[in-house]
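Undergrad: I'm passing along start-v9.cif; it holds mmCIF, C-alpha atoms.
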data_run
#
loop_
_atom_site.group_PDB
_atom_site.id
_atom_site.type_symbol
_atom_site.label_atom_id
_atom_site.label_comp_id
_atom_site.auth_asym_id
_atom_site.auth_seq_id
_atom_site.Cartn_x
_atom_site.Cartn_y
_atom_site.Cartn_z
ATOM 1 C CA MET A 17 -25.316 168.710 41.574
ATOM 2 C CA GLN A 18 -21.592 169.332 41.679
ATOM 3 C CA ARG A 19 -21.286 168.357 38.030
ATOM 4 C CA ARG A 20 -24.105 170.744 37.033
ATOM 5 C CA THR A 21 -22.385 173.542 38.904
ATOM 6 C CA VAL A 22 -19.121 172.919 37.093
ATOM 7 C CA ILE A 23 -20.887 172.884 33.723
ATOM 8 C CA LEU A 24 -22.686 176.095 34.621
ATOM 9 C CA LEU A 25 -19.433 177.792 35.664
ATOM 10 C CA VAL A 26 -17.648 176.631 32.530
ATOM 11 C CA GLY A 27 -20.552 177.923 30.420
ATOM 12 C CA LEU A 28 -20.508 181.298 32.154
ATOM 13 C CA ALA A 29 -16.729 181.510 31.759
ATOM 14 C CA ALA A 30 -17.058 180.726 28.043
ATOM 15 C CA ILE A 31 -19.720 183.404 27.597
ATOM 16 C CA ALA A 32 -17.632 185.927 29.531
ATOM 17 C CA GLY A 33 -14.555 185.015 27.464
ATOM 18 C CA ALA A 34 -16.435 185.378 24.196
ATOM 19 C CA GLY A 35 -17.874 188.710 25.357
ATOM 20 C CA PHE A 36 -14.455 189.974 26.361
ATOM 21 C CA TYR A 37 -12.970 188.889 23.023
ATOM 22 C CA ALA A 38 -15.792 190.606 21.087
ATOM 23 C CA TRP A 39 -15.399 193.783 23.147
ATOM 24 C CA SER A 40 -11.598 193.871 22.832
ATOM 25 C CA GLU A 41 -11.847 193.193 19.096
ATOM 26 C CA TYR A 42 -14.390 196.016 18.706
ATOM 27 C CA GLU A 43 -12.202 198.412 20.693
ATOM 28 C CA ARG A 44 -8.930 197.381 19.005
ATOM 29 C CA LYS A 45 -6.932 200.393 17.758
ATOM 30 C CA PRO A 46 -5.094 200.380 14.421
ATOM 31 C CA LYS A 47 -1.474 199.381 14.997
ATOM 32 C CA GLY A 48 1.415 201.612 14.082
ATOM 33 C CA ALA A 49 4.171 200.402 11.774
ATOM 34 C CA ALA A 50 6.563 200.117 14.747
ATOM 35 C CA GLU A 51 4.402 197.309 16.193
ATOM 36 C CA LEU A 52 4.260 195.286 12.987
ATOM 37 C CA LYS A 53 6.600 193.018 11.065
ATOM 38 C CA VAL A 54 8.304 194.615 8.065
ATOM 39 C CA ASP A 55 7.179 193.128 4.745
ATOM 40 C CA GLU A 56 9.661 194.819 2.390
ATOM 41 C CA VAL A 57 12.787 196.945 2.640
ATOM 42 C CA LEU A 58 13.533 199.237 -0.290
ATOM 43 C CA SER A 59 14.670 202.717 -1.299
ATOM 44 C CA ALA A 60 12.393 205.702 -1.884
ATOM 45 C CA THR A 61 13.517 205.776 -5.515
ATOM 46 C CA ASP A 62 12.693 202.105 -6.096
ATOM 47 C CA LEU A 63 9.284 202.437 -4.422
ATOM 48 C CA LEU A 64 8.234 205.342 -6.628
ATOM 49 C CA ALA A 65 9.686 203.643 -9.731
ATOM 50 C CA ALA A 66 7.550 200.559 -9.065
ATOM 51 C CA TYR A 67 4.391 202.678 -8.847
ATOM 52 C CA VAL A 68 5.225 204.715 -11.936
ATOM 53 C CA ALA A 69 5.950 201.542 -13.934
ATOM 54 C CA ASP A 70 2.722 199.737 -13.020
ATOM 55 C CA GLU A 71 0.432 201.175 -10.382
ATOM 56 C CA ALA A 72 -1.845 198.144 -10.141
ATOM 57 C CA ALA A 73 1.064 195.724 -9.768
ATOM 58 C CA ALA A 74 2.729 197.979 -7.205
ATOM 59 C CA ASP A 75 -0.515 198.253 -5.246
ATOM 60 C CA ALA A 76 -0.832 194.468 -5.205
ATOM 61 C CA ARG A 77 2.734 194.223 -3.898
ATOM 62 C CA PHE A 78 2.878 197.157 -1.463
ATOM 63 C CA ALA A 79 -0.568 198.440 -0.430
ATOM 64 C CA SER A 80 -1.467 197.710 3.202
ATOM 65 C CA LYS A 81 2.032 196.277 3.697
ATOM 66 C CA VAL A 82 4.617 197.516 6.180
ATOM 67 C CA LEU A 83 7.510 199.006 4.218
ATOM 68 C CA GLU A 84 10.897 200.141 5.444
ATOM 69 C CA VAL A 85 11.930 202.890 3.038
ATOM 70 C CA SER A 86 15.300 204.593 2.972
ATOM 71 C CA GLY A 87 15.915 207.984 1.452
ATOM 72 C CA THR A 88 16.896 211.586 1.941
ATOM 73 C CA VAL A 89 14.545 213.954 3.710
ATOM 74 C CA GLU A 90 13.301 216.602 1.270
ATOM 75 C CA GLY A 91 11.262 218.528 3.812
ATOM 76 C CA SER A 92 8.517 218.313 6.389
ATOM 77 C CA GLU A 93 5.283 220.035 7.346
ATOM 78 C CA VAL A 94 2.848 219.936 10.226
ATOM 79 C CA GLN A 95 -0.725 219.114 9.249
ATOM 80 C CA GLY A 96 -3.060 219.208 12.242
ATOM 81 C CA ASP A 97 -2.034 216.368 14.543
ATOM 82 C CA LYS A 98 0.198 214.874 11.836
ATOM 83 C CA LEU A 99 3.754 215.568 10.804
ATOM 84 C CA ASN A 100 4.483 214.809 7.173
ATOM 85 C CA ILE A 101 8.086 213.977 6.322
ATOM 86 C CA PHE A 102 8.827 213.763 2.619
ATOM 87 C CA LEU A 103 11.547 211.520 1.224
ATOM 88 C CA SER A 104 13.104 212.530 -2.058
ATOM 89 C CA THR A 105 12.684 210.180 -5.018
ATOM 90 C CA GLY A 106 14.783 212.008 -7.577
ATOM 91 C CA ASP A 107 11.590 213.230 -9.231
ATOM 92 C CA PRO A 108 10.862 216.818 -8.129
ATOM 93 C CA LEU A 109 7.117 216.320 -8.552
ATOM 94 C CA GLN A 110 6.701 213.093 -6.612
ATOM 95 C CA ARG A 111 7.835 212.079 -3.152
ATOM 96 C CA ILE A 112 7.345 209.441 -0.504
ATOM 97 C CA ALA A 113 5.015 211.118 2.001
ATOM 98 C CA CYS A 114 5.511 209.678 5.478
ATOM 99 C CA GLU A 115 2.749 210.490 7.947
ATOM 100 C CA PHE A 116 3.746 210.529 11.649
ATOM 101 C CA ASP A 117 1.733 211.414 14.727
ATOM 102 C CA ALA A 118 3.029 214.897 15.489
ATOM 103 C CA ALA A 119 3.306 214.063 19.193
ATOM 104 C CA SER A 120 5.805 211.279 18.588
ATOM 105 C CA ALA A 121 7.398 212.406 15.342
ATOM 106 C CA PRO A 122 11.171 212.394 14.908
ATOM 107 C CA SER A 123 13.209 215.529 14.458
ATOM 108 C CA LEU A 124 14.554 215.358 10.915
ATOM 109 C CA ASN A 125 15.846 218.113 8.692
ATOM 110 C CA ALA A 126 16.070 218.459 4.927
ATOM 111 C CA GLY A 127 19.111 216.575 3.699
ATOM 112 C CA ASP A 128 19.112 214.016 6.526
ATOM 113 C CA ALA A 129 19.264 210.349 5.612
ATOM 114 C CA ALA A 130 16.302 208.435 7.024
ATOM 115 C CA ARG A 131 14.857 204.928 7.197
ATOM 116 C CA VAL A 132 11.129 205.084 7.763
ATOM 117 C CA ARG A 133 8.707 202.268 8.483
ATOM 118 C CA GLY A 134 5.143 202.879 7.429
ATOM 119 C CA ILE A 135 2.010 201.219 6.135
ATOM 120 C CA CYS A 136 1.620 201.867 2.424
ATOM 121 C CA ALA A 137 -1.749 203.384 1.426
ATOM 122 C CA GLY A 138 -0.937 203.666 -2.294
ATOM 123 C CA TYR A 139 0.044 206.266 -4.862
ATOM 124 C CA ASN A 140 -1.672 209.589 -5.425
ATOM 125 C CA LEU A 141 1.033 211.885 -6.859
ATOM 126 C CA ASP A 142 3.089 210.918 -3.783
ATOM 127 C CA VAL A 143 3.416 207.389 -2.446
ATOM 128 C CA LEU A 144 1.815 207.536 0.988
ATOM 129 C CA LEU A 145 3.087 205.762 4.096
ATOM 130 C CA GLN A 146 0.943 206.061 7.225
ATOM 131 C CA ARG A 147 1.359 205.410 10.955
ATOM 132 C CA CYS A 148 5.082 205.797 10.458
ATOM 133 C CA ALA A 149 8.033 205.264 12.771
ATOM 134 C CA ILE A 150 11.749 205.657 12.330
ATOM 135 C CA ALA A 151 13.362 202.254 11.700
ATOM 136 C CA PRO A 152 15.534 201.126 14.639
ATOM 137 C CA MET B 18 -3.058 205.528 -12.720
ATOM 138 C CA LYS B 19 -5.003 207.679 -15.164
ATOM 139 C CA THR B 20 -5.657 210.327 -12.524
ATOM 140 C CA ASN B 21 -1.978 210.443 -11.592
ATOM 141 C CA ARG B 22 -0.967 210.843 -15.227
ATOM 142 C CA ILE B 23 -3.402 213.701 -15.753
ATOM 143 C CA LEU B 24 -2.264 215.499 -12.616
ATOM 144 C CA LEU B 25 1.407 214.923 -13.448
ATOM 145 C CA ALA B 26 0.941 216.112 -17.024
ATOM 146 C CA THR B 27 -0.762 219.221 -15.680
ATOM 147 C CA LEU B 28 2.169 219.842 -13.363
ATOM 148 C CA ALA B 29 4.912 219.120 -15.843
ATOM 149 C CA LEU B 30 3.607 220.747 -18.988
ATOM 150 C CA LEU B 31 2.015 223.891 -17.694
ATOM 151 C CA PRO B 32 3.916 227.042 -18.698
ATOM 152 C CA LEU B 33 5.175 228.568 -15.468
ATOM 153 C CA SER B 34 4.027 232.088 -16.296
ATOM 154 C CA LEU B 35 0.457 230.925 -16.785
ATOM 155 C CA ALA B 36 0.628 228.551 -13.860
ATOM 156 C CA ALA B 37 1.715 231.289 -11.502
ATOM 157 C CA GLN B 38 -1.476 233.207 -12.138
ATOM 158 C CA GLU B 39 -4.179 230.691 -12.794
ATOM 159 C CA ARG B 40 -3.611 227.249 -11.360
ATOM 160 C CA TYR B 41 -3.691 226.024 -7.814
ATOM 161 C CA MET B 42 -2.824 222.688 -6.322
ATOM 162 C CA SER B 43 -3.164 220.722 -3.108
ATOM 163 C CA ARG B 44 -1.579 217.482 -1.891
ATOM 164 C CA THR B 45 -2.885 217.770 1.657
ATOM 165 C CA GLY B 46 -6.634 218.009 1.274
ATOM 166 C CA HIS B 47 -8.589 216.807 4.289
ATOM 167 C CA ALA B 48 -11.585 214.606 3.561
ATOM 168 C CA SER B 49 -13.719 213.218 6.350
ATOM 169 C CA PHE B 50 -16.999 211.416 6.639
ATOM 170 C CA PHE B 51 -19.417 210.825 9.462
ATOM 171 C CA SER B 52 -22.093 208.199 9.922
ATOM 172 C CA GLU B 53 -24.496 208.616 12.827
ATOM 173 C CA THR B 54 -26.887 205.938 14.020
ATOM 174 C CA LYS B 55 -28.421 204.945 17.360
ATOM 175 C CA MET B 56 -26.052 201.972 17.457
ATOM 176 C CA GLU B 57 -22.764 203.827 16.911
ATOM 177 C CA ASN B 58 -21.088 206.783 15.257
ATOM 178 C CA ILE B 59 -18.405 206.187 12.668
ATOM 179 C CA GLU B 60 -15.915 208.818 11.581
ATOM 180 C CA ALA B 61 -12.848 208.648 9.351
ATOM 181 C CA HIS B 62 -10.261 211.103 8.065
ATOM 182 C CA ASN B 63 -7.985 211.280 5.038
ATOM 183 C CA HIS B 64 -5.327 214.019 5.087
ATOM 184 C CA LYS B 65 -3.773 213.434 1.679
ATOM 185 C CA ALA B 66 -6.374 214.218 -0.981
ATOM 186 C CA THR B 67 -4.876 215.834 -4.076
ATOM 187 C CA ALA B 68 -6.559 218.517 -6.154
ATOM 188 C CA VAL B 69 -5.815 220.800 -9.087
ATOM 189 C CA PHE B 70 -7.937 223.890 -9.745
ATOM 190 C CA ASP B 71 -7.694 226.162 -12.777
ATOM 191 C CA ALA B 72 -9.238 229.490 -11.797
ATOM 192 C CA SER B 73 -9.276 230.715 -15.399
ATOM 193 C CA THR B 74 -11.566 227.934 -16.615
ATOM 194 C CA GLY B 75 -13.095 226.719 -13.352
ATOM 195 C CA ALA B 76 -11.881 223.185 -14.038
ATOM 196 C CA ILE B 77 -11.183 221.168 -10.922
ATOM 197 C CA GLU B 78 -9.973 217.620 -10.300
ATOM 198 C CA MET B 79 -9.601 215.772 -7.061
ATOM 199 C CA SER B 80 -8.371 212.335 -6.083
ATOM 200 C CA MET B 81 -7.942 210.444 -2.821
ATOM 201 C CA LEU B 82 -6.774 207.021 -1.722
ATOM 202 C CA ILE B 83 -9.468 204.964 -0.023
ATOM 203 C CA LYS B 84 -6.879 203.154 2.102
ATOM 204 C CA ALA B 85 -5.727 206.523 3.441
ATOM 205 C CA PHE B 86 -8.935 206.944 5.474
ATOM 206 C CA GLU B 87 -8.097 206.420 9.131
ATOM 207 C CA PHE B 88 -10.569 205.286 11.773
ATOM 208 C CA GLU B 89 -10.371 205.276 15.530
ATOM 209 C CA LYS B 90 -11.033 201.541 15.591
ATOM 210 C CA ALA B 91 -9.135 198.954 13.559
ATOM 211 C CA LEU B 92 -12.180 196.772 12.939
ATOM 212 C CA MET B 93 -14.087 199.667 11.363
ATOM 213 C CA GLN B 94 -11.125 200.412 9.081
ATOM 214 C CA GLU B 95 -10.832 196.766 8.043
ATOM 215 C CA HIS B 96 -14.564 196.428 7.303
ATOM 216 C CA PHE B 97 -14.558 199.744 5.408
ATOM 217 C CA ASN B 98 -11.714 198.631 3.116
ATOM 218 C CA GLU B 99 -12.502 194.948 2.725
ATOM 219 C CA ASN B 100 -16.281 194.675 2.884
ATOM 220 C CA TYR B 101 -17.736 197.983 1.739
ATOM 221 C CA MET B 102 -15.319 200.051 -0.343
ATOM 222 C CA GLU B 103 -13.341 197.065 -1.706
ATOM 223 C CA SER B 104 -10.304 199.324 -1.764
ATOM 224 C CA GLU B 105 -8.035 196.762 -3.430
ATOM 225 C CA LYS B 106 -10.384 196.735 -6.433
ATOM 226 C CA PHE B 107 -11.289 200.448 -6.282
ATOM 227 C CA PRO B 108 -8.270 202.173 -4.682
ATOM 228 C CA LYS B 109 -9.337 205.781 -5.320
ATOM 229 C CA ALA B 110 -12.295 208.122 -5.189
ATOM 230 C CA THR B 111 -12.142 210.903 -7.771
ATOM 231 C CA PHE B 112 -13.990 214.025 -8.794
ATOM 232 C CA LYS B 113 -13.706 215.884 -12.068
ATOM 233 C CA GLY B 114 -15.813 218.961 -12.744
ATOM 234 C CA THR B 115 -16.106 222.713 -12.837
ATOM 235 C CA VAL B 116 -16.496 225.503 -10.332
ATOM 236 C CA SER B 117 -18.913 228.306 -11.197
ATOM 237 C CA GLY B 118 -19.710 231.545 -9.434
ATOM 238 C CA LEU B 119 -16.163 232.504 -8.457
ATOM 239 C CA PRO B 120 -15.646 236.181 -9.384
ATOM 240 C CA ALA B 121 -12.661 236.999 -11.601
ATOM 241 C CA GLY B 122 -9.612 237.770 -9.495
ATOM 242 C CA ALA B 123 -11.342 236.558 -6.335
ATOM 243 C CA LEU B 124 -8.397 234.447 -5.246
ATOM 244 C CA THR B 125 -6.060 237.439 -5.104
ATOM 245 C CA LYS B 126 -7.818 239.290 -2.280
ATOM 246 C CA PRO B 127 -9.147 238.321 1.158
ATOM 247 C CA GLY B 128 -12.708 237.114 1.246
ATOM 248 C CA SER B 129 -15.112 234.239 1.284
ATOM 249 C CA PHE B 130 -16.768 233.193 -1.942
ATOM 250 C CA ASP B 131 -19.711 230.831 -2.285
ATOM 251 C CA VAL B 132 -19.557 228.774 -5.450
ATOM 252 C CA GLU B 133 -21.243 225.846 -7.120
ATOM 253 C CA VAL B 134 -19.341 222.732 -8.113
ATOM 254 C CA LYS B 135 -20.665 220.345 -10.717
ATOM 255 C CA GLY B 136 -19.047 217.230 -12.074
ATOM 256 C CA GLU B 137 -18.504 213.500 -12.023
ATOM 257 C CA LEU B 138 -17.969 211.868 -8.638
ATOM 258 C CA THR B 139 -16.557 208.353 -8.769
ATOM 259 C CA ILE B 140 -16.683 206.205 -5.641
ATOM 260 C CA HIS B 141 -16.380 202.415 -5.589
ATOM 261 C CA GLY B 142 -16.068 202.454 -9.373
ATOM 262 C CA VAL B 143 -19.518 204.035 -9.821
ATOM 263 C CA THR B 144 -19.667 207.519 -11.365
ATOM 264 C CA ARG B 145 -22.513 209.923 -10.673
ATOM 265 C CA THR B 146 -23.053 213.527 -11.707
ATOM 266 C CA VAL B 147 -23.301 215.769 -8.664
ATOM 267 C CA THR B 148 -23.900 219.468 -8.039
ATOM 268 C CA GLU B 149 -22.893 220.855 -4.645
ATOM 269 C CA LYS B 150 -22.351 224.154 -2.884
ATOM 270 C CA ALA B 151 -18.779 224.994 -1.867
ATOM 271 C CA ARG B 152 -16.822 227.940 -0.556
ATOM 272 C CA PHE B 153 -13.403 229.410 -1.317
ATOM 273 C CA ILE B 154 -11.772 231.271 1.553
ATOM 274 C CA VAL B 155 -8.849 233.609 0.843
ATOM 275 C CA ASP B 156 -6.880 234.953 3.809
ATOM 276 C CA GLY B 157 -4.882 237.564 1.902
ATOM 277 C CA LYS B 158 -1.552 236.067 3.027
ATOM 278 C CA GLY B 159 -1.345 233.550 0.226
ATOM 279 C CA GLY B 160 -3.607 231.038 1.907
ATOM 280 C CA ILE B 161 -6.525 229.749 -0.135
ATOM 281 C CA LYS B 162 -8.768 226.915 0.857
ATOM 282 C CA ALA B 163 -11.919 225.351 -0.456
ATOM 283 C CA GLU B 164 -14.600 223.861 1.758
ATOM 284 C CA CYS B 165 -17.450 221.630 0.747
ATOM 285 C CA ALA B 166 -19.926 219.479 2.638
ATOM 286 C CA PHE B 167 -22.245 217.045 0.943
ATOM 287 C CA LYS B 168 -24.110 213.804 1.487
ATOM 288 C CA VAL B 169 -23.540 210.434 -0.150
ATOM 289 C CA LYS B 170 -25.827 207.431 -0.163
ATOM 290 C CA PRO B 171 -23.648 204.275 -0.232
ATOM 291 C CA GLU B 172 -26.201 202.378 -2.357
ATOM 292 C CA ASP B 173 -25.912 205.065 -5.065
ATOM 293 C CA HIS B 174 -22.319 203.921 -5.590
ATOM 294 C CA GLY B 175 -23.009 200.209 -5.482
ATOM 295 C CA ILE B 176 -21.786 199.837 -1.898
ATOM 296 C CA LYS B 177 -23.700 197.005 -0.263
ATOM 297 C CA ILE B 178 -24.280 197.100 3.476
ATOM 298 C CA PRO B 179 -25.077 193.642 4.912
ATOM 299 C CA GLY B 180 -28.350 193.388 6.815
ATOM 300 C CA ALA B 181 -26.547 192.411 10.033
ATOM 301 C CA VAL B 182 -24.875 195.840 10.275
ATOM 302 C CA ARG B 183 -27.507 197.894 8.441
ATOM 303 C CA ASN B 184 -28.519 199.594 11.698
ATOM 304 C CA ASN B 185 -24.885 200.498 12.470
ATOM 305 C CA ILE B 186 -24.302 202.515 9.308
ATOM 306 C CA ALA B 187 -26.265 205.605 8.321
ATOM 307 C CA GLU B 188 -28.206 205.484 5.074
ATOM 308 C CA ILE B 189 -26.810 208.915 4.225
ATOM 309 C CA ILE B 190 -23.126 209.621 4.935
ATOM 310 C CA GLU B 191 -21.997 213.188 5.559
ATOM 311 C CA VAL B 192 -18.763 214.050 3.730
ATOM 312 C CA LYS B 193 -16.639 217.138 4.369
ATOM 313 C CA LEU B 194 -13.742 218.466 2.318
ATOM 314 C CA ASP B 195 -11.246 221.068 3.448
ATOM 315 C CA VAL B 196 -8.620 221.643 0.786
ATOM 316 C CA PRO B 197 -5.744 224.122 1.186
ATOM 317 C CA PHE B 198 -4.535 225.293 -2.220
ATOM 318 C CA SER B 199 -1.224 226.836 -3.197
ATOM 319 C CA LYS B 200 -0.251 228.431 -6.485
ATOM 320 C CA MET B 201 1.467 226.189 -8.999
#
Give the structure from the file, written as structure tokens.

TA:
Amino acid sequence: MQRRTVILLVGLAAIAGAGFYAWSEYERKPKGAAELKVDEVLSATDLLAAYVADEAAADARFASKVLEVSGTVEGSEVQGDKLNIFLSTGDPLQRIACEFDAASAPSLNAGDAARVRGICAGYNLDVLLQRCAIAP
Amino acid sequence: MKTNRILLATLALLPLSLAAQERYMSRTGHASFFSETKMENIEAHNHKATAVFDASTGAIEMSMLIKAFEFEKALMQEHFNENYMESEKFPKATFKGTVSGLPAGALTKPGSFDVEVKGELTIHGVTRTVTEKARFIVDGKGGIKAECAFKVKPEDHGIKIPGAVRNNIAEIIEVKLDVPFSKM
């Protein structure tokens, strides 16, 4: 009897654990770059140059990865609940667009040097980094 | 790559005098989609769609990164990219077409203008010809935006939904575009 009770309790605990894991996995929020390990550190100029040289190869190397990109702030703009900070690449038509949550975005001005961590989404005129944070 | 080259060539080669009057561009187009089922609702947003519109010819091109769609839940975003859209293989959705029904000079004065957009919509590597209603809204202070809402059937673009989650994803997905344009 005692053994059956233990087995029953273990079974219920396993079911509860699996249910909790499934629920927490379902409810999991996307992580910001600040919570993730950096995959590559490079300059804004080098990041754009890699995409211009070979977009497919650059995507294979950078897309979905956490990048720490250094550069000079070209400007910024608020877009809904986002703040976009643009890093200069030396090419007036193409920038590194860094998307921050406006509520927690840093205060940066044009001409400031910055190191931004973000998750690379790819290249579409600008190279896009999302869920960004200022590198410590 | 090809889309970027076309957009860049348009930007770089266009004579400035002509560009100032006729061509409009956006790098911050907002694209969203919504799937509603009894099981769950799924919504995602992309704030970095690019577009170029030539008001003199009606030609319009648009491009967006699939990985740039953000979801409230990480698992949805992972399944969207890895299982359905295969964003590593098909990183962009594009549209290339023409706008008709926009009166000459409409974008220089405040107003709202209903138009028709027709062209080639490529999602998941599958191109289909579409015709949709859209609207240009001009605020008279230099602000011009285009709005469009349309429906997409994932199967029409070769997107396979596994049977196990078929009831979680709508058969018809509602897509909305809200694109602020500025003069080039």

Undergrad: Pull out every residue that the PyMOL selection byres ((chain B) within 7 of (chain A)) matches in the shown coordinates and put them as a list in words.

TA: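 Residues picked by the PyMOL selection byres ((chain B) within 7 of (chain A)): Met18, Asn21, Met81, Leu82, Lys84, Ala85, Glu89, Lys90, Ala91 and Leu92 of chain B.
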
Undergrad: With 9 Å as the threshold, what does the neighbourhood of (5.9, 197.5, 8.7) contain in terms of residues, counting only C-alpha atoms? Coordinates are those of the file; answer as a PyMOL selection string.

TA: chain A and resi 48-56+81-84+133-136+148

Undergrad: Which is closest to Gly127 in chain A among A:Ala65, A:Leu25, A:Ile101, A:Ala30, if we use only C-alpha atoms?

TA: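 Distance minimum relative to Gly127 in chain A lands on A:Ile101.
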
Undergrad: Can you translate the PyMOL selection byres ((chain B and resi 155-161) around 6) into the concrete residues it hits in this file, as a ChimeraX atom specification?

TA: /B:126-128,154,162,197-198

Undergrad: How far is it from CA of Thr139 in chain B to CA of Leu119 in chain B, in Å with one decimal?

TA: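 Taking CA of Thr139 in chain B and CA of Leu119 in chain B, their separation equals 24.2 Å.
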
Undergrad: Check what the PyMOL selection byres ((chain B and resi 49-64) around 8) selects in the file above and give those residues as a PyMOL selection string.

TA: chain B and resi 45-48+65-66+81+85-89+93+184-187+189-194

Undergrad: Would you work out the distance separating CA of Ala181 in chain B from CA of Glu99 in chain B, expressed in Å to one decimal?

TA: 16.0 Å

Undergrad: Counting only C-alpha atoms, figure out which residue out of B:Glu172, B:Glu164, B:Glu39, B:Glu103 gets nearest to Asp131 in chain B.

TA: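 Result for the nearest residue to Asp131 in chain B: B:Glu164.
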
Undergrad: So what do you get for CA of Gly122 in chain B versus CA of Thr146 in chain B, distance-wise?

TA: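 Result for CA of Gly122 in chain B versus CA of Thr146 in chain B: 27.8 Å, one decimal.
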
Undergrad: Mind checking which residues fall within 8 Å of range 118-123 of chain A, counting all atoms listed in the file, ignoring those fewer than 2 positions away in the same chain, and posting them as a PyMOL selection string?

TA: chain A and resi 94+97-99+116+125+149-150

Undergrad: Provide range 39-54 of chain A rebuilt to N, CA and C atoms, formatted as a compact mmCIF listing (two decimals), in the frame of the given file.

TA:
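After the write, result-v4.txt holds the following:
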# COMPACT_ATOMS: atom_id res chain seq x y z
N TRP A 39 -15.58 192.40 22.72
CA TRP A 39 -15.40 193.78 23.15
C TRP A 39 -13.98 194.27 22.80
N SER A 40 -12.97 193.43 23.10
CA SER A 40 -11.60 193.87 22.83
C SER A 40 -11.35 193.99 21.33
N GLU A 41 -11.99 193.11 20.57
CA GLU A 41 -11.85 193.19 19.10
C GLU A 41 -12.50 194.47 18.57
N TYR A 42 -13.68 194.80 19.12
CA TYR A 42 -14.39 196.02 18.71
C TYR A 42 -13.59 197.27 19.06
N GLU A 43 -12.94 197.23 20.22
CA GLU A 43 -12.20 198.41 20.69
C GLU A 43 -10.76 198.47 20.18
N ARG A 44 -10.33 197.45 19.45
CA ARG A 44 -8.93 197.38 19.00
C ARG A 44 -8.55 198.61 18.18
N LYS A 45 -7.40 199.22 18.50
CA LYS A 45 -6.93 200.39 17.76
C LYS A 45 -6.05 199.94 16.59
N PRO A 46 -6.01 200.72 15.52
CA PRO A 46 -5.09 200.38 14.42
C PRO A 46 -3.64 200.42 14.92
N LYS A 47 -2.87 199.43 14.54
CA LYS A 47 -1.47 199.38 15.00
C LYS A 47 -0.59 200.29 14.15
N GLY A 48 0.41 200.83 14.80
CA GLY A 48 1.42 201.61 14.08
C GLY A 48 2.43 200.69 13.45
N ALA A 49 3.19 201.22 12.48
CA ALA A 49 4.17 200.40 11.77
C ALA A 49 5.23 199.84 12.72
N ALA A 50 5.53 200.57 13.80
CA ALA A 50 6.56 200.12 14.75
C ALA A 50 6.17 198.81 15.43
N GLU A 51 4.87 198.52 15.49
CA GLU A 51 4.40 197.31 16.19
C GLU A 51 4.27 196.12 15.25
N LEU A 52 4.53 196.33 13.97
CA LEU A 52 4.26 195.29 12.99
C LEU A 52 5.55 194.80 12.33
N LYS A 53 5.46 193.62 11.76
CA LYS A 53 6.60 193.02 11.06
C LYS A 53 6.78 193.71 9.70
N VAL A 54 8.02 193.96 9.35
CA VAL A 54 8.30 194.62 8.06
C VAL A 54 8.13 193.61 6.92
